[in-house]
4 protein chains.
Amino acid sequence: MQLKKDYFTVRNRTEDICAPLKTEDYVVQPVVDVSPPKWHLGHTTWFFETFILIPNVKGYTEFDPQYNFVFNSYYESVGARVIRTDRGNLSRPAVEDIMRYRRHVDDAMETFLDKEHTPELQALITLGLNHEEQHQELLYTDIKYILGHNPLFPVYNPAKTSPATTKAAGSWLEMKAGVYDIGFSGNGFCFDNELDRHKVYLGDYSLREALVTNAEYLDFIQAGGYRDFRYWHAEGWDWVKKNQVEMPMYWYNINGQWMHYNWQGLQPLLPDASLCHISYYEAAAFAAWKEMRLPTEFEWEAAAPQLSWGTRWEWTESAYLPYPGFTKAPGAIGEYNGKFMINQMVLRGASEVTPPHHSRITYRNFFHPSLRWQFTGIRLAK
Amino acid sequence: MQLKKDYFTVRNRTEDICAPLKTEDYVVQPVVDVSPPKWHLGHTTWFFETFILIPNVKGYTEFDPQYNFVFNSYYESVGARVIRTDRGNLSRPAVEDIMRYRRHVDDAMETFLDKEHTPELQALITLGLNHEEQHQELLYTDIKYILGHNPLFPVYNPAKTSPATTKAAGSWLEMKAGVYDIGFSGNGFCFDNELDRHKVYLGDYSLREALVTNAEYLDFIQAGGYRDFRYWHAEGWDWVKKNQVEMPMYWYNINGQWMHYNWQGLQPLLPDASLCHISYYEAAAFAAWKEMRLPTEFEWEAAAPQLSWGTRWEWTESAYLPYPGFTKAPGAIGEYNGKFMINQMVLRGASEVTPPHHSRITYRNFFHPSLRWQFTGIRLAK
Amino acid sequence: MQLKKDYFTVRNRTEDICAPLKTEDYVVQPVVDVSPPKWHLGHTTWFFETFILIPNVKGYTEFDPQYNFVFNSYYESVGARVIRTDRGNLSRPAVEDIMRYRRHVDDAMETFLDKEHTPELQALITLGLNHEEQHQELLYTDIKYILGHNPLFPVYNPAKTSPATTKAAGSWLEMKAGVYDIGFSGNGFCFDNELDRHKVYLGDYSLREALVTNAEYLDFIQAGGYRDFRYWHAEGWDWVKKNQVEMPMYWYNINGQWMHYNWQGLQPLLPDASLCHISYYEAAAFAAWKEMRLPTEFEWEAAAPQLSWGTRWEWTESAYLPYPGFTKAPGAIGEYNGKFMINQMVLRGASEVTPPHHSRITYRNFFHPSLRWQFTGIRLAK
Amino acid sequence: MQLKKDYFTVRNRTEDICAPLKTEDYVVQPVVDVSPPKWHLGHTTWFFETFILIPNVKGYTEFDPQYNFVFNSYYESVGARVIRTDRGNLSRPAVEDIMRYRRHVDDAMETFLDKEHTPELQALITLGLNHEEQHQELLYTDIKYILGHNPLFPVYNPAKTSPATTKAAGSWLEMKAGVYDIGFSGNGFCFDNELDRHKVYLGDYSLREALVTNAEYLDFIQAGGYRDFRYWHAEGWDWVKKNQVEMPMYWYNINGQWMHYNWQGLQPLLPDASLCHISYYEAAAFAAWKEMRLPTEFEWEAAAPQLSWGTRWEWTESAYLPYPGFTKAPGAIGEYNGKFMINQMVLRGASEVTPPHHSRITYRNFFHPSLRWQFTGIRLAK
């Protein structure tokens, strides 16, 4: 059964990502956007227990009824008082308890997946696997944040490297004006935010084939890009000043040597590697300094078949909004995407930590414009 | 000379708006989005002094060189210490000094406008007048906020009323799919954000001809709309809970009677009047409760010739983003619009306090989705 | 009648202090500790209306029942929603209305004071006058803050000077160990916090006869006193870093010249004048740098008959706590002092803006250790 | 050698306190006042390495030079950027690394303690042991906070109970007016804040022999004590409203049954047990409601030989201030106590989690008046 095979491939990969961690690394939450790895392990499991096993498996025994509160979004009230705690304040459940929870759910799923199921149920399991794959990427970004903001700069995995080089910056892909079809079509899985497929009119435009490199971004820094308000959105400029931003996340200038934190600890910065870990504000300011712009998500999607991509999530100039005909699924599953469609910018492509086969050219990633702990980069348009 | 006539029409209207105020009303800034009326009076004057008189009138004597710091955005540093003050903390310059400043600049402009000028200079003066008209609308909204948040609920003008009725809610305008031209064309003034005129593909859609009324919105309140997270964006729901929002701004339920603050003080709410003073979050939640949606700004503009409009700024489902080909003007004027193109939603139409002839069907207003002290309303789409 | 004469002396002096202000100056509240001058004018009047006229004058007509909410501490709720506004956001009542309020209350008080009253009622009127005198000092400190934090540095009164010189720093007053009586005794008015008179044992100690001068404090600055954590309380050090404090309030170093803001605008700093506008943290750090300390309030009071004093409130090393036998008066008057007896330090003496005859050697002033907009100075002890 | 024996008694007791914890419990910091248990384990060890071994043991090899930054107060800068992290965000060093650090330092200390040392050095080692004992109490209070704010309410130790009963409330100890000697005298260890011994004059007073019980405090709650501002300091009343405080920390009213979190998990509240986990604000409000007061620290110390005590830290009405003649030790050790002498109230006695023989009748504990995660209680005075 393909679904059963997929299930265990995905579930095992989640645990593989965590294998290099110490128990303590599973617990902390240094900023609100980062979740403790143990929360990801529990939350992805909670999905299968809550939406598959409890409604569909007669006689299934919930692992622990309190986990619903811990791994869902809202916590239990005790008496008249609600306990509000950030995830990073919760030492329990312990990692070993969460691993037992995974085993408990995986055992029940194994039995369950041996049976025939309706297409609706198969689709829901597939959604759960795609959901877990999204959390796999978040596990990587959150682990990098946790280790990379520790003054000891611990190594995650001495053998893990990032893609080091990028294509030469010279060539541009030219696209003709016309009406293009945008959005998912065909069989297979997609998220609700990729629908409906619809027509978009685009004028002539060009996209640069290569992503922006570290060396190009260093030119921007050295030209005073972080000190000249003219390149920035008003809100971006406030962000720069308030946070005293001077360089991408994980970069350090140590005694004149540019370094960055990576899977192997502090490393010299490679000039020809694709730039990573910048906010939308920085991406837009860099493009303005170049007297160019970022592509819209529609320009990106129309050109995607002719681009190679896959090492950075590419900020677009499109806000995250519903496509024509977008409708939420009824019930809790309907909360998946629609409720985030405000004050977020779309990113397209995939990154070095996106699970294999997880992304598509119609895939819409999205984050608030100030965030940069994801593996984000820049593609120029004009 | 038309331009001279226009100049004094606009300048006088600004002062007419302030005529009912007491000196104290010119000074306060109850929230960061509201500016003290005296700041609007000075800032609009500073525009003409800085961009017209100083560069173009030989021998012009600046009224007070320090006003540049007070009526621009950034304040002077004294020694090594920057004085950061909110506008509402500045008792000086006094209102009478600012009125003398207006006289000083108007006298110089009167002489200046008697001469012939290049089209570029005429366009810049026209921009200054449109800028002042935008601040006229802000004067109304800020004055309403200042008086309407005072526990004495002072009357602004006992003779000033708001449009009381709206069209019957029954009929819908149906629009056909196709490629539409969007953006300003023709002669006359427009803002840079209305350009370039470009093509947009729209599918079939319908817009309701009448705006949402107070009575319709009361139904939403009474159906528990503010207590059911399913209708809200995640960020909107946080906003509701954090601010304990239960009704539009200026509404009060006093002993079971629905009242609202208006130009004449506290007044009974009129059920058939167009709803006003709601945030984008509320507009979107109301539409979701109705199982409809808000129009995009392109749908709105394509349909506008067939709609009557003009009493409420209508929230759209479009984020405020640059049109294809948008370019900033060089220099300080270029800061006008582009730098705000992030995390704002577009509003279309005009309101009861928009200056006559100020708006257009291509006009793009924009505010952060949480704000509601503007005269905002809802048009439904499906 | 002495009380009637005193009443109008005090009431008129309050208005004299405000005479140099423009209407706009009465309105603003740049920081939470500063109240708008018009609030002081109303609040002191509210005291007499609420505690004297309403309970004791049959047929007295309240000026405006809503003023109780505006000039008391808590604001009214309208319907289910409480309007919370800071004082500086309230443009109404206007200054002219508050002046009519003062006339209304003063007229009623004039008639009332022509009659005989019980000692209790006379004491309450005297408390109201002492209360208004305290607000006279606050009017001076708040006006200085409002004008001194305006980038135009307006002059309050070109004829008003501060005491310019201080006694030579050489001599010390030596006090012998023993049991001293502390607290108010005798006839005349005192605040409840000066009672009960009680015994305190003091060891040998010395107080410096002259207050610390600007020149002495400049030595501390130039010796790096603001950059060496060893001189500071932990909480004071946090305050220095968070607020980037480098010098006393109102001081500026402009192109190498030390200036300060005063009644006449920006003025050169006088080296021999008594230091002013420093926090308790700064006072304690300066004393630590001198390898001395601040006196306790008991040491100060025991030595006071042999000291000249009167230009600065002198920070003591005593926290503001109840004396043995302290009891609150019943009712609202009992809120006067006791509820502030936590996290405040005692200041003794009087300042250049304390009303004549208002202070006493048993008088206990108190402020939070971080505040410095009062006329505060340093006396050294060892 | 007594000192060597004491050393290992104290060091082992620290680890015994942590024995029931899971690795995850060592890591989190739910509020700023609580430190992660692993930080306490490292910080107490850092004391001996930094102040004893490095300066005095030739050839001593530091365990890890970076630990100085992790277990001291300030973190290292890397390049021009300072990494500021809260303790609870640091997953590394791991618990096992910190345990190896303890072994490394203990081994070196074992050798070192076999030798003869100067009295100064012996005193410094004794200070280190008293410092570690203070952290033992903090370990208990912080562990209780971490587990007691977890929605799973984990059990710390099913065998550990709290003292359950208290003395009958009837009797009072009466003390006579006079000059008393206050502060440490004699041989043995004391903290610098207990010196100099000095004379204090006290009037007649009485202290209640029994501490306030849970039942007495429930009367206060049920009489509306948390809703009547008259019992509270102004700052305490703000604290109640802002934090919606209605009962002591760890108390819950679940379906009408009063429960509290304790070492054994959620337990029914025992009416006759001594009240615990209240702030100074609550202690003072309770005393005001009783028309009594809290003792001063001097009254407490003078009466202490006639009182039994030892289960609760008792809030006094004394602010934490230096005794006459108090001097800081030179160098880093001098930071121990003096820098905290502002905005803290003194607590006297000892609690159920104070290490045996750690406290004294001259011992001065101190906390900010809002804090209540310590084992604090109330003794009444009049």
# chains A, B, ... in the order shown; residues from 1 in each chain; ligands from 1

call {"tool": "closest_atom_pairs", "arguments": {"of": "chain B", "to": "chain C", "cutoff": "6 Å", "atoms": "only C-alpha atoms", "output": "Markdown table"}}
result
| residue | atom | partner | partner_atom | distance |
| --- | --- | --- | --- | --- |
| B:Glu24 | CA | C:Ser91 | CA | 5.0 |
| B:Asp25 | CA | C:Ser91 | CA | 5.0 |
| B:Val28 | CA | C:Asn89 | CA | 5.5 |
| B:Pro30 | CA | C:Asn89 | CA | 4.8 |
| B:Gly79 | CA | C:Ile254 | CA | 4.3 |
| B:Asn89 | CA | C:Pro30 | CA | 4.8 |
| B:Leu90 | CA | C:Asn150 | CA | 5.9 |
| B:Ser91 | CA | C:Glu24 | CA | 5.0 |
| B:Asn150 | CA | C:Leu90 | CA | 6.0 |
| B:Asn253 | CA | C:Gly79 | CA | 5.5 |
| B:Ile254 | CA | C:Gly79 | CA | 4.3 |

call {"tool": "write_last_selection", "arguments": {"atoms": "all heavy atoms", "output": "PDB file, in the first residue's frame"}}
result
ATOM      1  N   GLU B  24      -7.734  74.335  22.709  1.00  0.00           N
ATOM      2  CA  GLU B  24      -7.246  73.098  23.320  1.00  0.00           C
ATOM      3  C   GLU B  24      -7.420  71.904  22.378  1.00  0.00           C
ATOM      4  O   GLU B  24      -6.641  70.951  22.426  1.00  0.00           O
ATOM      5  CB  GLU B  24      -8.008  72.828  24.630  1.00  0.00           C
ATOM      6  CG  GLU B  24      -7.712  73.805  25.754  1.00  0.00           C
ATOM      7  CD  GLU B  24      -8.587  75.065  25.711  1.00  0.00           C
ATOM      8  OE1 GLU B  24      -9.208  75.334  24.658  1.00  0.00           O
ATOM      9  OE2 GLU B  24      -8.637  75.767  26.727  1.00  0.00           O
ATOM     10  N   ASP B  25      -8.451  71.928  21.550  1.00  0.00           N
ATOM     11  CA  ASP B  25      -8.718  70.795  20.654  1.00  0.00           C
ATOM     12  C   ASP B  25      -7.639  70.630  19.583  1.00  0.00           C
ATOM     13  O   ASP B  25      -7.506  69.556  18.993  1.00  0.00           O
ATOM     14  CB  ASP B  25     -10.073  70.980  19.950  1.00  0.00           C
ATOM     15  CG  ASP B  25     -11.242  71.064  20.913  1.00  0.00           C
ATOM     16  OD1 ASP B  25     -11.187  70.408  21.973  1.00  0.00           O
ATOM     17  OD2 ASP B  25     -12.207  71.783  20.605  1.00  0.00           O
ATOM     18  N   VAL B  28      -4.135  67.991  21.141  1.00  0.00           N
ATOM     19  CA  VAL B  28      -3.987  66.636  21.696  1.00  0.00           C
ATOM     20  C   VAL B  28      -3.852  65.565  20.606  1.00  0.00           C
ATOM     21  O   VAL B  28      -4.244  65.757  19.456  1.00  0.00           O
ATOM     22  CB  VAL B  28      -5.165  66.278  22.643  1.00  0.00           C
ATOM     23  CG1 VAL B  28      -5.187  67.224  23.825  1.00  0.00           C
ATOM     24  CG2 VAL B  28      -6.480  66.279  21.889  1.00  0.00           C
ATOM     25  N   PRO B  30      -4.658  61.648  20.981  1.00  0.00           N
ATOM     26  CA  PRO B  30      -5.036  60.543  21.885  1.00  0.00           C
ATOM     27  C   PRO B  30      -4.466  59.192  21.488  1.00  0.00           C
ATOM     28  O   PRO B  30      -4.268  58.341  22.347  1.00  0.00           O
ATOM     29  CB  PRO B  30      -6.566  60.505  21.805  1.00  0.00           C
ATOM     30  CG  PRO B  30      -6.980  61.718  21.043  1.00  0.00           C
ATOM     31  CD  PRO B  30      -5.812  62.230  20.289  1.00  0.00           C
ATOM     32  N   GLY B  79      22.852  68.869  20.817  1.00  0.00           N
ATOM     33  CA  GLY B  79      24.036  68.179  21.294  1.00  0.00           C
ATOM     34  C   GLY B  79      23.961  66.733  20.853  1.00  0.00           C
ATOM     35  O   GLY B  79      23.495  66.424  19.754  1.00  0.00           O
ATOM     36  N   ASN B  89       2.680  65.958  22.393  1.00  0.00           N
ATOM     37  CA  ASN B  89       3.347  66.496  23.580  1.00  0.00           C
ATOM     38  C   ASN B  89       3.834  67.917  23.370  1.00  0.00           C
ATOM     39  O   ASN B  89       4.398  68.513  24.282  1.00  0.00           O
ATOM     40  CB  ASN B  89       4.546  65.623  23.946  1.00  0.00           C
ATOM     41  CG  ASN B  89       4.125  64.230  24.333  1.00  0.00           C
ATOM     42  OD1 ASN B  89       2.991  64.034  24.750  1.00  0.00           O
ATOM     43  ND2 ASN B  89       5.017  63.271  24.187  1.00  0.00           N
ATOM     44  N   LEU B  90       3.649  68.445  22.169  1.00  0.00           N
ATOM     45  CA  LEU B  90       4.222  69.745  21.832  1.00  0.00           C
ATOM     46  C   LEU B  90       3.164  70.834  21.962  1.00  0.00           C
ATOM     47  O   LEU B  90       2.276  70.951  21.120  1.00  0.00           O
ATOM     48  CB  LEU B  90       4.770  69.719  20.411  1.00  0.00           C
ATOM     49  CG  LEU B  90       5.918  68.738  20.157  1.00  0.00           C
ATOM     50  CD1 LEU B  90       6.449  68.913  18.746  1.00  0.00           C
ATOM     51  CD2 LEU B  90       7.032  68.942  21.167  1.00  0.00           C
ATOM     52  N   SER B  91       3.275  71.646  22.994  1.00  0.00           N
ATOM     53  CA  SER B  91       2.307  72.748  23.138  1.00  0.00           C
ATOM     54  C   SER B  91       2.684  73.912  22.210  1.00  0.00           C
ATOM     55  O   SER B  91       1.826  74.689  21.830  1.00  0.00           O
ATOM     56  CB  SER B  91       2.247  73.212  24.589  1.00  0.00           C
ATOM     57  OG  SER B  91       3.500  73.675  25.028  1.00  0.00           O
ATOM     58  N   ASN B 150     -13.641  61.955  24.329  1.00  0.00           N
ATOM     59  CA  ASN B 150     -13.658  62.797  25.520  1.00  0.00           C
ATOM     60  C   ASN B 150     -14.926  62.448  26.313  1.00  0.00           C
ATOM     61  O   ASN B 150     -16.000  62.349  25.717  1.00  0.00           O
ATOM     62  CB  ASN B 150     -13.682  64.274  25.091  1.00  0.00           C
ATOM     63  CG  ASN B 150     -13.506  65.210  26.275  1.00  0.00           C
ATOM     64  OD1 ASN B 150     -14.323  65.232  27.177  1.00  0.00           O
ATOM     65  ND2 ASN B 150     -12.435  65.965  26.263  1.00  0.00           N
ATOM     66  N   ASN B 253     -23.793  50.859  23.695  1.00  0.00           N
ATOM     67  CA  ASN B 253     -25.097  50.324  24.056  1.00  0.00           C
ATOM     68  C   ASN B 253     -25.387  50.800  25.473  1.00  0.00           C
ATOM     69  O   ASN B 253     -24.814  50.298  26.442  1.00  0.00           O
ATOM     70  CB  ASN B 253     -25.093  48.799  23.978  1.00  0.00           C
ATOM     71  CG  ASN B 253     -26.491  48.259  24.152  1.00  0.00           C
ATOM     72  OD1 ASN B 253     -27.205  48.675  25.055  1.00  0.00           O
ATOM     73  ND2 ASN B 253     -26.900  47.369  23.268  1.00  0.00           N
ATOM     74  N   ILE B 254     -26.265  51.799  25.599  1.00  0.00           N
ATOM     75  CA  ILE B 254     -26.532  52.434  26.886  1.00  0.00           C
ATOM     76  C   ILE B 254     -27.924  52.027  27.329  1.00  0.00           C
ATOM     77  O   ILE B 254     -28.921  52.426  26.738  1.00  0.00           O
ATOM     78  CB  ILE B 254     -26.392  53.968  26.773  1.00  0.00           C
ATOM     79  CG1 ILE B 254     -24.980  54.308  26.289  1.00  0.00           C
ATOM     80  CG2 ILE B 254     -26.686  54.632  28.115  1.00  0.00           C
ATOM     81  CD1 ILE B 254     -24.722  55.780  26.078  1.00  0.00           C
TER      82      ILE B 254
END

call {"tool": "select_by_dssp", "arguments": {"residues": "range 40-261 of chain D", "states": "strand (DSSP E)", "output": "PyMOL selection string"}}
result
chain D and resi 77-78+81-82+172-175+178-182+198-202+205-208+251-254+257-261

call {"tool": "atom_distance", "arguments": {"atom1": "CA of Ala319 in chain D", "atom2": "CA of Met249 in chain D"}}
result
22.8 Å

call {"tool": "select_by_dssp", "arguments": {"residues": "range 204-268 of chain C", "states": "alpha helix (DSSP H)", "output": "number ranges by chain"}}
result
C: 214-222, 234-243

call {"tool": "write_last_selection", "arguments": {"atoms": "N, CA, C and O atoms", "output": "short mmCIF file (atom, residue, chain, number, x, y, z; two decimals), in the first residue's frame"}}
result
data_model
loop_
_atom_site.label_atom_id
_atom_site.label_comp_id
_atom_site.auth_asym_id
_atom_site.auth_seq_id
_atom_site.Cartn_x
_atom_site.Cartn_y
_atom_site.Cartn_z
N ASN C 214 27.08 71.73 40.69
CA ASN C 214 27.20 71.27 39.31
C ASN C 214 28.65 70.88 38.99
O ASN C 214 28.89 69.87 38.32
N ALA C 215 29.60 71.67 39.45
CA ALA C 215 31.00 71.37 39.14
C ALA C 215 31.42 70.02 39.73
O ALA C 215 32.13 69.24 39.08
N GLU C 216 30.98 69.76 40.95
CA GLU C 216 31.33 68.46 41.55
C GLU C 216 30.72 67.31 40.77
O GLU C 216 31.34 66.26 40.59
N TYR C 217 29.51 67.53 40.29
CA TYR C 217 28.85 66.46 39.55
C TYR C 217 29.49 66.27 38.18
O TYR C 217 29.58 65.14 37.67
N LEU C 218 29.94 67.35 37.56
CA LEU C 218 30.67 67.25 36.30
C LEU C 218 31.92 66.38 36.48
O LEU C 218 32.30 65.62 35.58
N ASP C 219 32.58 66.50 37.63
CA ASP C 219 33.75 65.63 37.91
C ASP C 219 33.34 64.16 37.84
O ASP C 219 34.06 63.32 37.30
N PHE C 220 32.20 63.86 38.43
CA PHE C 220 31.68 62.48 38.42
C PHE C 220 31.43 62.02 36.99
O PHE C 220 31.82 60.91 36.59
N ILE C 221 30.80 62.88 36.18
CA ILE C 221 30.54 62.53 34.78
C ILE C 221 31.86 62.29 34.05
O ILE C 221 32.03 61.28 33.36
N GLN C 222 32.79 63.20 34.26
CA GLN C 222 34.04 63.12 33.50
C GLN C 222 34.93 61.98 33.98
O GLN C 222 35.78 61.49 33.23
N ALA C 234 21.76 47.78 41.28
CA ALA C 234 21.48 46.96 40.09
C ALA C 234 20.34 47.57 39.28
O ALA C 234 20.40 47.69 38.05
N GLU C 235 19.30 48.00 39.99
CA GLU C 235 18.14 48.58 39.32
C GLU C 235 18.48 49.94 38.70
O GLU C 235 17.95 50.30 37.65
N GLY C 236 19.34 50.69 39.36
CA GLY C 236 19.79 51.97 38.82
C GLY C 236 20.62 51.78 37.56
O GLY C 236 20.50 52.55 36.60
N TRP C 237 21.44 50.74 37.57
CA TRP C 237 22.28 50.46 36.40
C TRP C 237 21.42 50.07 35.20
O TRP C 237 21.67 50.52 34.07
N ASP C 238 20.39 49.29 35.45
CA ASP C 238 19.44 48.97 34.36
C ASP C 238 18.79 50.24 33.82
O ASP C 238 18.61 50.39 32.61
N TRP C 239 18.44 51.13 34.74
CA TRP C 239 17.79 52.39 34.35
C TRP C 239 18.75 53.23 33.50
O TRP C 239 18.34 53.79 32.48
N VAL C 240 20.00 53.31 33.89
CA VAL C 240 21.00 54.07 33.11
C VAL C 240 21.13 53.51 31.71
O VAL C 240 21.10 54.25 30.72
N LYS C 241 21.22 52.17 31.60
CA LYS C 241 21.45 51.58 30.28
C LYS C 241 20.20 51.66 29.42
O LYS C 241 20.27 52.00 28.24
N LYS C 242 19.07 51.36 30.01
CA LYS C 242 17.83 51.36 29.23
C LYS C 242 17.52 52.75 28.68
O LYS C 242 17.06 52.90 27.56
N ASN C 243 17.74 53.76 29.50
CA ASN C 243 17.40 55.13 29.09
C ASN C 243 18.60 55.90 28.56
O ASN C 243 18.48 57.08 28.27
#

call {"tool": "residues_around", "arguments": {"residues": "range 46-50 of chain B", "least_positions_apart": "2", "cutoff": "7 Å", "atoms": "only C-alpha atoms", "output": "VMD selection string"}}
result
chain B and resid 42 to 44 52 to 54 71 105 128

call {"tool": "write_last_selection", "arguments": {"atoms": "C-alpha atoms", "output": "PDB file, in the first residue's frame"}}
result
ATOM      1  CA  GLY B  42       1.410  73.418   9.916  1.00  0.00           C
ATOM      2  CA  HIS B  43       2.391  70.355   7.918  1.00  0.00           C
ATOM      3  CA  THR B  44       0.282  71.270   4.870  1.00  0.00           C
ATOM      4  CA  ILE B  52       7.568  75.626  -3.805  1.00  0.00           C
ATOM      5  CA  LEU B  53       8.702  78.812  -2.111  1.00  0.00           C
ATOM      6  CA  ILE B  54      12.201  78.032  -0.851  1.00  0.00           C
ATOM      7  CA  PHE B  71       6.282  69.818  10.842  1.00  0.00           C
ATOM      8  CA  VAL B 105       3.128  81.343   3.239  1.00  0.00           C
ATOM      9  CA  GLY B 128       0.383  70.132  -2.720  1.00  0.00           C
TER      10      GLY B 128
END

call {"tool": "residues_around", "arguments": {"residues": "Cys18 in chain A", "least_positions_apart": "3", "cutoff": "12 Å", "atoms": "only C-alpha atoms", "output": "ChimeraX atom specification"}}
result
/A:11-15,21-26,36-41,95,99,135-144,156-157

call {"tool": "write_last_selection", "arguments": {"atoms": "N, CA and C atoms", "output": "compact mmCIF listing (two decimals), in the first residue's frame"}}
result
# COMPACT_ATOMS: atom_id res chain seq x y z
N ARG A 11 6.97 9.85 8.62
CA ARG A 11 7.10 9.82 10.08
C ARG A 11 8.53 9.56 10.52
N ASN A 12 9.21 8.66 9.82
CA ASN A 12 10.60 8.37 10.20
C ASN A 12 11.52 9.54 9.90
N ARG A 13 11.25 10.22 8.79
CA ARG A 13 12.11 11.35 8.43
C ARG A 13 12.06 12.44 9.52
N THR A 14 10.88 12.67 10.09
CA THR A 14 10.76 13.64 11.18
C THR A 14 11.72 13.30 12.32
N GLU A 15 11.75 12.02 12.67
CA GLU A 15 12.61 11.63 13.80
C GLU A 15 14.09 11.67 13.41
N LEU A 21 19.98 15.84 18.05
CA LEU A 21 19.72 16.74 19.18
C LEU A 21 19.99 16.09 20.52
N LYS A 22 20.34 16.92 21.48
CA LYS A 22 20.31 16.50 22.88
C LYS A 22 18.92 16.76 23.44
N THR A 23 18.57 16.07 24.50
CA THR A 23 17.24 16.23 25.09
C THR A 23 16.91 17.70 25.34
N GLU A 24 17.87 18.45 25.84
CA GLU A 24 17.63 19.86 26.17
C GLU A 24 17.23 20.66 24.95
N ASP A 25 17.75 20.29 23.76
CA ASP A 25 17.46 21.06 22.55
C ASP A 25 15.99 20.97 22.14
N TYR A 26 15.31 19.95 22.61
CA TYR A 26 13.90 19.75 22.26
C TYR A 26 12.95 20.70 22.98
N PRO A 36 9.45 24.66 20.16
CA PRO A 36 10.38 23.63 20.62
C PRO A 36 10.22 22.37 19.76
N PRO A 37 11.32 21.73 19.38
CA PRO A 37 11.21 20.50 18.58
C PRO A 37 10.24 19.48 19.17
N LYS A 38 10.19 19.36 20.48
CA LYS A 38 9.27 18.36 21.02
C LYS A 38 7.82 18.73 20.75
N TRP A 39 7.53 20.00 20.62
CA TRP A 39 6.17 20.40 20.28
C TRP A 39 5.84 19.95 18.85
N HIS A 40 6.78 20.13 17.93
CA HIS A 40 6.54 19.66 16.55
C HIS A 40 6.28 18.15 16.54
N LEU A 41 7.06 17.42 17.32
CA LEU A 41 6.89 15.95 17.36
C LEU A 41 5.51 15.56 17.87
N VAL A 95 10.39 14.36 26.44
CA VAL A 95 10.64 13.86 25.08
C VAL A 95 10.32 12.36 25.01
N MET A 99 7.76 10.52 22.48
CA MET A 99 8.17 9.42 21.60
C MET A 99 7.24 8.21 21.81
N HIS A 135 6.08 20.72 8.87
CA HIS A 135 6.75 20.81 10.17
C HIS A 135 8.18 20.28 10.11
N GLN A 136 8.49 19.41 9.16
CA GLN A 136 9.89 18.99 8.99
C GLN A 136 10.76 20.18 8.60
N GLU A 137 10.24 21.00 7.69
CA GLU A 137 11.01 22.19 7.34
C GLU A 137 11.15 23.12 8.55
N LEU A 138 10.05 23.26 9.29
CA LEU A 138 10.11 24.11 10.49
C LEU A 138 11.05 23.53 11.54
N LEU A 139 11.12 22.21 11.63
CA LEU A 139 12.08 21.61 12.56
C LEU A 139 13.50 22.05 12.21
N TYR A 140 13.83 22.01 10.93
CA TYR A 140 15.17 22.46 10.52
C TYR A 140 15.39 23.93 10.86
N THR A 141 14.41 24.77 10.52
CA THR A 141 14.63 26.20 10.75
C THR A 141 14.65 26.52 12.24
N ASP A 142 13.84 25.82 13.01
CA ASP A 142 13.79 26.09 14.44
C ASP A 142 15.03 25.55 15.15
N ILE A 143 15.48 24.39 14.74
CA ILE A 143 16.72 23.83 15.32
C ILE A 143 17.89 24.76 15.00
N LYS A 144 17.94 25.24 13.76
CA LYS A 144 19.03 26.16 13.41
C LYS A 144 18.98 27.41 14.29
N TYR A 156 25.32 21.12 14.58
CA TYR A 156 24.16 20.23 14.43
C TYR A 156 24.62 18.89 13.88
N ASN A 157 25.35 18.94 12.77
CA ASN A 157 25.82 17.71 12.15
C ASN A 157 27.05 18.06 11.33

call {"tool": "residues_around", "arguments": {"residues": "range 187-203 of chain A", "least_positions_apart": "4", "cutoff": "10 Å", "atoms": "only C-alpha atoms", "output": "PyMOL selection string"}}
result
(chain A and resi 123+126-127+130-131+175-183+296+298-299+302+320-329+334+336-338+341+358-360+362-365) or (chain B and resi 178-180+198-203+324-325)

call {"tool": "atom_distance", "arguments": {"atom1": "CA of Gln2 in chain A", "atom2": "CA of Pro119 in chain A"}}
result
13.7 Å
